[in-house]
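Asks: Dropping in start.pdb, with PDB, C-alpha atoms.
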```pdb
ATOM      1  CA  SER A 252     112.445 112.325  81.931  1.00  0.00           C
ATOM      2  CA  ASP A 253     114.570 114.583  79.700  1.00  0.00           C
ATOM      3  CA  TYR A 254     117.605 113.918  81.930  1.00  0.00           C
ATOM      4  CA  ILE A 255     116.968 110.146  81.981  1.00  0.00           C
ATOM      5  CA  ARG A 256     116.312 109.629  78.278  1.00  0.00           C
ATOM      6  CA  GLY A 257     119.165 107.641  76.711  1.00  0.00           C
ATOM      7  CA  SER A 258     120.599 106.394  80.005  1.00  0.00           C
ATOM      8  CA  LYS A 259     120.891 102.703  80.884  1.00  0.00           C
ATOM      9  CA  SER A 260     120.820 102.777  84.688  1.00  0.00           C
ATOM     10  CA  LEU A 261     120.045 105.009  87.615  1.00  0.00           C
ATOM     11  CA  VAL A 262     120.193 105.013  91.392  1.00  0.00           C
ATOM     12  CA  LEU A 263     117.464 106.631  93.469  1.00  0.00           C
ATOM     13  CA  LYS A 264     118.393 107.285  97.082  1.00  0.00           C
ATOM     14  CA  ASP A 265     115.259 108.032  99.064  1.00  0.00           C
ATOM     15  CA  PRO A 266     114.938 106.850 102.673  1.00  0.00           C
ATOM     16  CA  TYR A 267     111.191 107.475 102.631  1.00  0.00           C
ATOM     17  CA  ILE A 268     109.724 104.748 100.431  1.00  0.00           C
ATOM     18  CA  ARG A 269     107.934 103.340 103.469  1.00  0.00           C
ATOM     19  CA  LYS A 270     104.225 103.984 103.175  1.00  0.00           C
ATOM     20  CA  THR A 271     101.725 103.044 100.501  1.00  0.00           C
ATOM     21  CA  HIS A 272     101.477 106.515  98.953  1.00  0.00           C
ATOM     22  CA  GLN A 273     105.293 106.738  98.792  1.00  0.00           C
ATOM     23  CA  LEU A 274     105.433 103.353  97.080  1.00  0.00           C
ATOM     24  CA  VAL A 275     102.782 104.518  94.607  1.00  0.00           C
ATOM     25  CA  ASN A 276     104.957 107.562  93.855  1.00  0.00           C
ATOM     26  CA  PHE A 277     107.901 105.215  93.251  1.00  0.00           C
ATOM     27  CA  ILE A 278     105.806 103.051  90.918  1.00  0.00           C
ATOM     28  CA  LYS A 279     104.813 106.150  88.944  1.00  0.00           C
ATOM     29  CA  PHE A 280     108.485 107.145  88.850  1.00  0.00           C
ATOM     30  CA  CYS A 281     109.306 103.671  87.442  1.00  0.00           C
ATOM     31  CA  GLU A 282     106.582 104.066  84.814  1.00  0.00           C
ATOM     32  CA  MET A 283     108.079 107.388  83.740  1.00  0.00           C
ATOM     33  CA  VAL A 284     111.531 105.769  83.554  1.00  0.00           C
ATOM     34  CA  MET A 285     110.110 102.867  81.546  1.00  0.00           C
ATOM     35  CA  ASN A 286     108.606 105.294  79.042  1.00  0.00           C
ATOM     36  CA  CYS A 287     112.097 106.665  78.355  1.00  0.00           C
ATOM     37  CA  HIS A 288     112.750 103.325  76.561  1.00  0.00           C
ATOM     38  CA  SER A 289     116.444 103.064  77.441  1.00  0.00           C
ATOM     39  CA  VAL A 290     116.847 102.282  81.158  1.00  0.00           C
ATOM     40  CA  GLN A 291     117.669  98.676  81.951  1.00  0.00           C
ATOM     41  CA  LYS A 292     118.360  98.956  85.689  1.00  0.00           C
ATOM     42  CA  ILE A 293     116.914 100.931  88.582  1.00  0.00           C
ATOM     43  CA  LYS A 294     118.534 100.751  91.988  1.00  0.00           C
ATOM     44  CA  LEU A 295     116.521 101.985  94.965  1.00  0.00           C
ATOM     45  CA  VAL A 296     118.365 102.734  98.192  1.00  0.00           C
ATOM     46  CA  THR A 297     115.923 103.278 101.050  1.00  0.00           C
ATOM     47  CA  SER A 298     115.427 102.663 104.771  1.00  0.00           C
ATOM     48  CA  TYR A 299     112.693 101.718 107.220  1.00  0.00           C
ATOM     49  CA  ASP A 300     111.595 102.558 110.745  1.00  0.00           C
ATOM     50  CA  ASP A 301     111.269  98.947 111.885  1.00  0.00           C
ATOM     51  CA  ASN A 302     111.320  95.336 110.658  1.00  0.00           C
ATOM     52  CA  MET A 303     107.544  95.125 110.310  1.00  0.00           C
ATOM     53  CA  GLN A 304     107.517  98.130 107.975  1.00  0.00           C
ATOM     54  CA  LYS A 305     110.481  96.669 106.089  1.00  0.00           C
ATOM     55  CA  GLU A 306     108.699  93.324 105.566  1.00  0.00           C
ATOM     56  CA  ASP A 307     105.508  94.991 104.358  1.00  0.00           C
ATOM     57  CA  ILE A 308     107.208  97.239 101.805  1.00  0.00           C
ATOM     58  CA  TYR A 309     109.705  94.529 100.760  1.00  0.00           C
ATOM     59  CA  LEU A 310     106.906  92.218  99.593  1.00  0.00           C
ATOM     60  CA  LYS A 311     105.325  95.011  97.571  1.00  0.00           C
ATOM     61  CA  LEU A 312     108.681  95.969  96.061  1.00  0.00           C
ATOM     62  CA  MET A 313     109.211  92.336  95.010  1.00  0.00           C
ATOM     63  CA  ASP A 314     105.888  92.466  93.136  1.00  0.00           C
ATOM     64  CA  LEU A 315     107.098  95.647  91.431  1.00  0.00           C
ATOM     65  CA  LYS A 316     110.447  93.996  90.683  1.00  0.00           C
ATOM     66  CA  GLN A 317     108.691  91.156  88.878  1.00  0.00           C
ATOM     67  CA  SER A 318     106.501  93.582  86.952  1.00  0.00           C
ATOM     68  CA  LEU A 319     109.552  95.587  85.843  1.00  0.00           C
ATOM     69  CA  LEU A 320     111.365  92.389  84.789  1.00  0.00           C
ATOM     70  CA  GLU A 321     108.503  91.732  82.392  1.00  0.00           C
ATOM     71  CA  GLN A 322     109.453  95.083  80.813  1.00  0.00           C
ATOM     72  CA  ASP A 323     113.171  94.130  80.711  1.00  0.00           C
ATOM     73  CA  ILE A 324     114.079  96.457  83.583  1.00  0.00           C
ATOM     74  CA  PHE A 325     115.948  95.085  86.600  1.00  0.00           C
ATOM     75  CA  LEU A 326     115.082  96.570  90.004  1.00  0.00           C
ATOM     76  CA  GLU A 327     117.622  96.286  92.802  1.00  0.00           C
ATOM     77  CA  VAL A 328     116.549  97.325  96.298  1.00  0.00           C
ATOM     78  CA  THR A 329     119.049  97.956  99.078  1.00  0.00           C
ATOM     79  CA  HIS A 330     118.691  99.325 102.579  1.00  0.00           C
ATOM     80  CA  ASP A 331     120.875 101.959 104.195  1.00  0.00           C
ATOM     81  CA  THR A 332     120.056 103.689 107.461  1.00  0.00           C
ATOM     82  CA  THR A 333     122.972 106.127 107.339  1.00  0.00           C
ATOM     83  CA  PHE A 334     121.695 108.727 104.858  1.00  0.00           C
ATOM     84  CA  HIS A 335     119.009 111.394 104.781  1.00  0.00           C
ATOM     85  CA  ASP A 336     119.475 113.287 101.514  1.00  0.00           C
ATOM     86  CA  ARG A 337     117.380 112.240  98.562  1.00  0.00           C
ATOM     87  CA  GLU A 338     119.246 112.011  95.273  1.00  0.00           C
ATOM     88  CA  LEU A 339     118.999 110.538  91.812  1.00  0.00           C
ATOM     89  CA  PHE A 340     122.195 109.445  90.067  1.00  0.00           C
ATOM     90  CA  ILE A 341     121.905 108.844  86.336  1.00  0.00           C
ATOM     91  CA  ASP A 342     124.629 107.007  84.395  1.00  0.00           C
ATOM     92  CA  ASN A 343     124.873 109.883  81.909  1.00  0.00           C
ATOM     93  CA  ASP A 344     126.635 111.968  84.596  1.00  0.00           C
ATOM     94  CA  TRP A 345     123.590 113.813  85.902  1.00  0.00           C
ATOM     95  CA  ARG A 346     122.981 114.046  89.647  1.00  0.00           C
ATOM     96  CA  VAL A 347     119.614 115.350  90.799  1.00  0.00           C
ATOM     97  CA  ALA A 348     119.270 116.516  94.408  1.00  0.00           C
ATOM     98  CA  LEU A 349     115.621 115.995  95.360  1.00  0.00           C
ATOM     99  CA  GLY A 350     114.664 118.160  98.324  1.00  0.00           C
ATOM    100  CA  MET A 351     111.628 116.085  99.337  1.00  0.00           C
ATOM    101  CA  GLY A 352     112.496 113.033  97.275  1.00  0.00           C
ATOM    102  CA  ILE A 353     109.754 111.787  94.992  1.00  0.00           C
ATOM    103  CA  ASP A 354     107.106 112.498  97.644  1.00  0.00           C
ATOM    104  CA  PHE A 355     106.419 116.115  96.655  1.00  0.00           C
ATOM    105  CA  PHE A 356     102.857 115.708  95.388  1.00  0.00           C
ATOM    106  CA  LYS A 357      99.962 116.924  97.504  1.00  0.00           C
ATOM    107  CA  ALA A 358      97.234 114.402  98.199  1.00  0.00           C
ATOM    108  CA  PRO A 359      94.224 114.910  95.932  1.00  0.00           C
ATOM    109  CA  ASP A 360      91.134 116.459  97.518  1.00  0.00           C
ATOM    110  CA  ASN A 361      89.266 113.292  96.598  1.00  0.00           C
ATOM    111  CA  PHE A 362      89.676 110.397  94.194  1.00  0.00           C
ATOM    112  CA  TYR A 363      87.252 111.916  91.696  1.00  0.00           C
ATOM    113  CA  SER A 364      89.321 114.976  90.823  1.00  0.00           C
ATOM    114  CA  ILE A 365      91.837 115.955  88.180  1.00  0.00           C
ATOM    115  CA  GLY A 366      95.388 114.938  89.067  1.00  0.00           C
ATOM    116  CA  VAL A 367      94.556 111.651  90.761  1.00  0.00           C
ATOM    117  CA  TYR A 368      95.990 109.574  87.915  1.00  0.00           C
ATOM    118  CA  ASP A 369      97.969 112.084  85.854  1.00  0.00           C
ATOM    119  CA  GLN A 370     100.630 113.544  88.137  1.00  0.00           C
ATOM    120  CA  THR A 371     101.470 116.255  85.625  1.00  0.00           C
ATOM    121  CA  LEU A 372      98.150 117.769  86.740  1.00  0.00           C
ATOM    122  CA  ARG A 373      98.583 117.223  90.494  1.00  0.00           C
ATOM    123  CA  LYS A 374      99.382 120.046  92.904  1.00  0.00           C
ATOM    124  CA  CYS A 375     102.842 119.908  94.454  1.00  0.00           C
ATOM    125  CA  ARG A 376     104.364 120.884  97.775  1.00  0.00           C
ATOM    126  CA  ALA A 377     107.092 123.490  97.797  1.00  0.00           C
ATOM    127  CA  THR A 378     110.454 121.798  97.312  1.00  0.00           C
ATOM    128  CA  LYS A 379     113.828 122.390  95.743  1.00  0.00           C
ATOM    129  CA  ILE A 380     115.279 120.219  92.975  1.00  0.00           C
ATOM    130  CA  ASP A 381     118.873 120.822  91.842  1.00  0.00           C
ATOM    131  CA  PHE A 382     120.337 119.371  88.629  1.00  0.00           C
ATOM    132  CA  HIS A 383     124.121 118.920  88.545  1.00  0.00           C
ATOM    133  CA  LYS A 384     126.184 117.763  85.563  1.00  0.00           C
ATOM    134  CA  LEU A 385     129.127 115.807  86.961  1.00  0.00           C
ATOM    135  CA  PRO A 386     132.566 116.434  85.472  1.00  0.00           C
TER     136      PRO A 386
END
```
The structure given in the file should be rewritten as structure tokens.
Replies:
Amino acid sequence: SDYIRGSKSLVLKDPYIRKTHQLVNFIKFCEMVMNCHSVQKIKLVTSYDDNMQKEDIYLKLMDLKQSLLEQDIFLEVTHDTTFHDRELFIDNDWRVALGMGIDFFKAPDNFYSIGVYDQTLRKCRATKIDFHKLP
């Protein structure tokens, strides 16, 4: 959130917002962005395996879009099947290369353990995240 604070818009490119747990990670990402109190637009660029998966996730993303609008944040969702790398572009000239995207949390052992709701306490998978300041 330190890199997002003060920015107005960002673009998250992650082709793997396809399954429920990935969508939950994206919702938690949106909540973190919302708590920065400056972002007005989030653009998600993602892809799907098939039309059935696309329809299922699209409806859920439209619910999220409406929820974000109530917080004065516009969500734009686009589809692109030509990319693999996961990246975050922030309008303050930061580019964040996300090795595993936003899906780097390990599943909790059960739903009655620490880290289920507070991701700052959740175990993570090994991944690499690079922060680049654009010229």
Asks: What do you get, as a PyMOL selection string, if you spell out every residue that the PyMOL selection byres ((chain A and resi 380) around 9) selects here?
Replies: chain A and resi 347-352+378-379+381-382
Asks: What's around Pro359 of chain A at 10 Å? Count all atoms listed in the file, leave out sequence neighbours fewer than 5 positions away in its own chain, and write the answer as a list in words.
Replies: Ser364, Ile365, Gly366, Val367, Tyr368, Arg373 and Lys374 of chain A
Asks: Measure the distance from atom CA of Leu372 of chain A to atom CA of Asp342 of chain A in Å and round it to one decimal.
Replies: 28.7 Å
Asks: In Å, with one decimal, what is the gap from atom CA of Ile278 of chain A to atom CA of Tyr363 of chain A?
Replies: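 Taking atom CA of Ile278 of chain A as the start and atom CA of Tyr363 of chain A as the end point, the length is 20.6 Å.
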Asks: I'd like the neighbourhood of Tyr309 of chain A as a list in words, where a residue qualifies if any of its atoms comes within 12 Å (using all atoms listed in the file), though same-chain residues fewer than 4 positions away should be ignored.
Replies: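 Surrounding residues, per the criterion: Ile268, Arg269, Lys270, Thr271, Leu274, Leu295, Thr297, Ser298, Tyr299, Asn302, Met303, Gln304, Lys305, Met313, Asp314, Leu315, Lys316, Glu327, Val328, Thr329 and His330 of chain A.
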Asks: Do you have the atom CA of Pro266 of chain A-atom CA of Lys294 of chain A distance handy?
Replies: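 Those two atoms sit 12.8 Å apart.
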Asks: Put a box with edges along x, y and z around all the listed atoms of segment 302-319 of chain A, pad it by 8 Å on each side, then give me its centre and sizes in Å, one decimal, as AutoDock Vina command-line options.
Replies:
```
--center_x 108.3 --center_y 94.6 --center_z 98.3 --size_x 22.0 --size_y 23.0 --size_z 40.8
```
Asks: Nearest to Asn343 of chain A among A:Ile324, A:Ile255, A:Cys281, A:Ile308, with distances taken over all atoms listed in the file: which residue is it?
Replies: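 Looking at the shortest contact to Asn343 of chain A, the residue is A:Ile255.
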Asks: Could you list, as a PDB file with C-alpha atoms, in the frame of the given file, every residue within 10 Å of Arg376 of chain A, counting all atoms listed in the file and ignoring same-chain residues fewer than 5 positions away?
Replies:
```pdb
ATOM      1  CA  MET A 351     111.628 116.085  99.337  1.00  0.00           C
ATOM      2  CA  ASP A 354     107.106 112.498  97.644  1.00  0.00           C
ATOM      3  CA  PHE A 355     106.419 116.115  96.655  1.00  0.00           C
ATOM      4  CA  PHE A 356     102.857 115.708  95.388  1.00  0.00           C
ATOM      5  CA  LYS A 357      99.962 116.924  97.504  1.00  0.00           C
ATOM      6  CA  ALA A 358      97.234 114.402  98.199  1.00  0.00           C
TER       7      ALA A 358
END
```
Asks: Select, from A:Ile353, A:Leu385, A:Leu339, A:Val262, the residue with the minimum atom-to-atom distance to Phe277 of chain A, counting only C-alpha atoms.
Replies: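 The closest residue to Phe277 of chain A is A:Ile353.
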Asks: Give the answer as one residue: which of A:Val275, A:Leu261, A:Ile293, A:Ile341 has the shortest atom-to-atom distance to His383 of chain A, using all atoms listed in the file?
Replies: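 Among A:Val275, A:Leu261, A:Ile293, A:Ile341, it is A:Ile341 that comes nearest to His383 of chain A.
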Asks: Taking all atoms listed in the file into account, name the residue in A:Lys384, A:Met285, A:Arg256, A:Asp265 that is nearest to Asp344 of chain A.
Replies: A:Lys384
Asks: Applied to the shown file, which residues does the PyMOL selection byres ((chain A and resi 252) around 7) return, written as a ChimeraX atom specification?
Replies: /A:253-256,283-284,287
Asks: I need the output of the PyMOL selection byres ((chain A and resi 291) around 8) for this file as a ChimeraX atom specification; which residues are they?
Replies: /A:259-260,289-290,292-293,323-325
Asks: Any chance you could build segment 361-381 of chain A out to N, CA, C and O atoms and write it as a compact mmCIF listing (two decimals), keeping the file's coordinate frame?
Replies:
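Contents of part-v3.txt, freshly written:
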```
# COMPACT_ATOMS: atom_id res chain seq x y z
N ASN A 361 90.04 114.53 96.58
CA ASN A 361 89.27 113.29 96.60
C ASN A 361 89.70 112.47 95.38
O ASN A 361 90.49 112.94 94.57
N PHE A 362 89.24 111.27 95.29
CA PHE A 362 89.68 110.40 94.19
C PHE A 362 88.83 110.55 92.94
O PHE A 362 88.91 109.74 92.03
N TYR A 363 88.06 111.61 92.88
CA TYR A 363 87.25 111.92 91.70
C TYR A 363 87.59 113.32 91.20
O TYR A 363 86.73 114.09 90.81
N SER A 364 88.88 113.65 91.25
CA SER A 364 89.32 114.98 90.82
C SER A 364 90.51 114.85 89.87
O SER A 364 91.19 113.83 89.83
N ILE A 365 90.73 115.91 89.13
CA ILE A 365 91.84 115.96 88.18
C ILE A 365 93.15 115.88 88.94
O ILE A 365 93.33 116.53 89.96
N GLY A 366 94.08 115.09 88.44
CA GLY A 366 95.39 114.94 89.07
C GLY A 366 95.54 113.66 89.86
O GLY A 366 96.63 113.35 90.32
N VAL A 367 94.46 112.90 90.02
CA VAL A 367 94.56 111.65 90.76
C VAL A 367 95.44 110.66 90.00
O VAL A 367 96.30 110.01 90.58
N TYR A 368 95.26 110.56 88.70
CA TYR A 368 95.99 109.57 87.92
C TYR A 368 97.10 110.18 87.06
O TYR A 368 98.06 109.51 86.74
N ASP A 369 96.96 111.41 86.67
CA ASP A 369 97.97 112.08 85.85
C ASP A 369 98.70 113.08 86.74
O ASP A 369 98.21 114.17 87.02
N GLN A 370 99.90 112.69 87.20
CA GLN A 370 100.63 113.54 88.14
C GLN A 370 101.11 114.85 87.53
O GLN A 370 101.46 115.76 88.25
N THR A 371 101.10 114.97 86.21
CA THR A 371 101.47 116.26 85.62
C THR A 371 100.40 117.30 85.93
O THR A 371 100.64 118.50 85.77
N LEU A 372 99.24 116.86 86.39
CA LEU A 372 98.15 117.77 86.74
C LEU A 372 97.97 117.92 88.25
O LEU A 372 97.13 118.70 88.69
N ARG A 373 98.75 117.20 89.04
CA ARG A 373 98.58 117.22 90.49
C ARG A 373 99.32 118.41 91.11
O ARG A 373 100.40 118.78 90.67
N LYS A 374 98.74 118.96 92.16
CA LYS A 374 99.38 120.05 92.90
C LYS A 374 100.58 119.49 93.65
O LYS A 374 100.58 118.34 94.11
N CYS A 375 101.61 120.33 93.79
CA CYS A 375 102.84 119.91 94.45
C CYS A 375 103.10 120.74 95.70
O CYS A 375 102.65 121.88 95.81
N ARG A 376 103.87 120.15 96.61
CA ARG A 376 104.36 120.88 97.78
C ARG A 376 105.58 121.68 97.34
O ARG A 376 106.25 121.33 96.36
N ALA A 377 105.88 122.72 98.08
CA ALA A 377 107.09 123.49 97.80
C ALA A 377 108.31 122.62 98.09
O ALA A 377 108.40 121.99 99.13
N THR A 378 109.23 122.57 97.14
CA THR A 378 110.45 121.80 97.31
C THR A 378 111.52 122.37 96.39
O THR A 378 111.22 123.20 95.51
N LYS A 379 112.72 121.93 96.57
CA LYS A 379 113.83 122.39 95.74
C LYS A 379 114.44 121.17 95.05
O LYS A 379 114.69 120.14 95.70
N ILE A 380 114.65 121.28 93.75
CA ILE A 380 115.28 120.22 92.98
C ILE A 380 116.46 120.84 92.22
O ILE A 380 116.28 121.79 91.49
N ASP A 381 117.65 120.31 92.48
CA ASP A 381 118.87 120.82 91.84
C ASP A 381 119.41 119.78 90.87
O ASP A 381 119.54 118.61 91.20
```
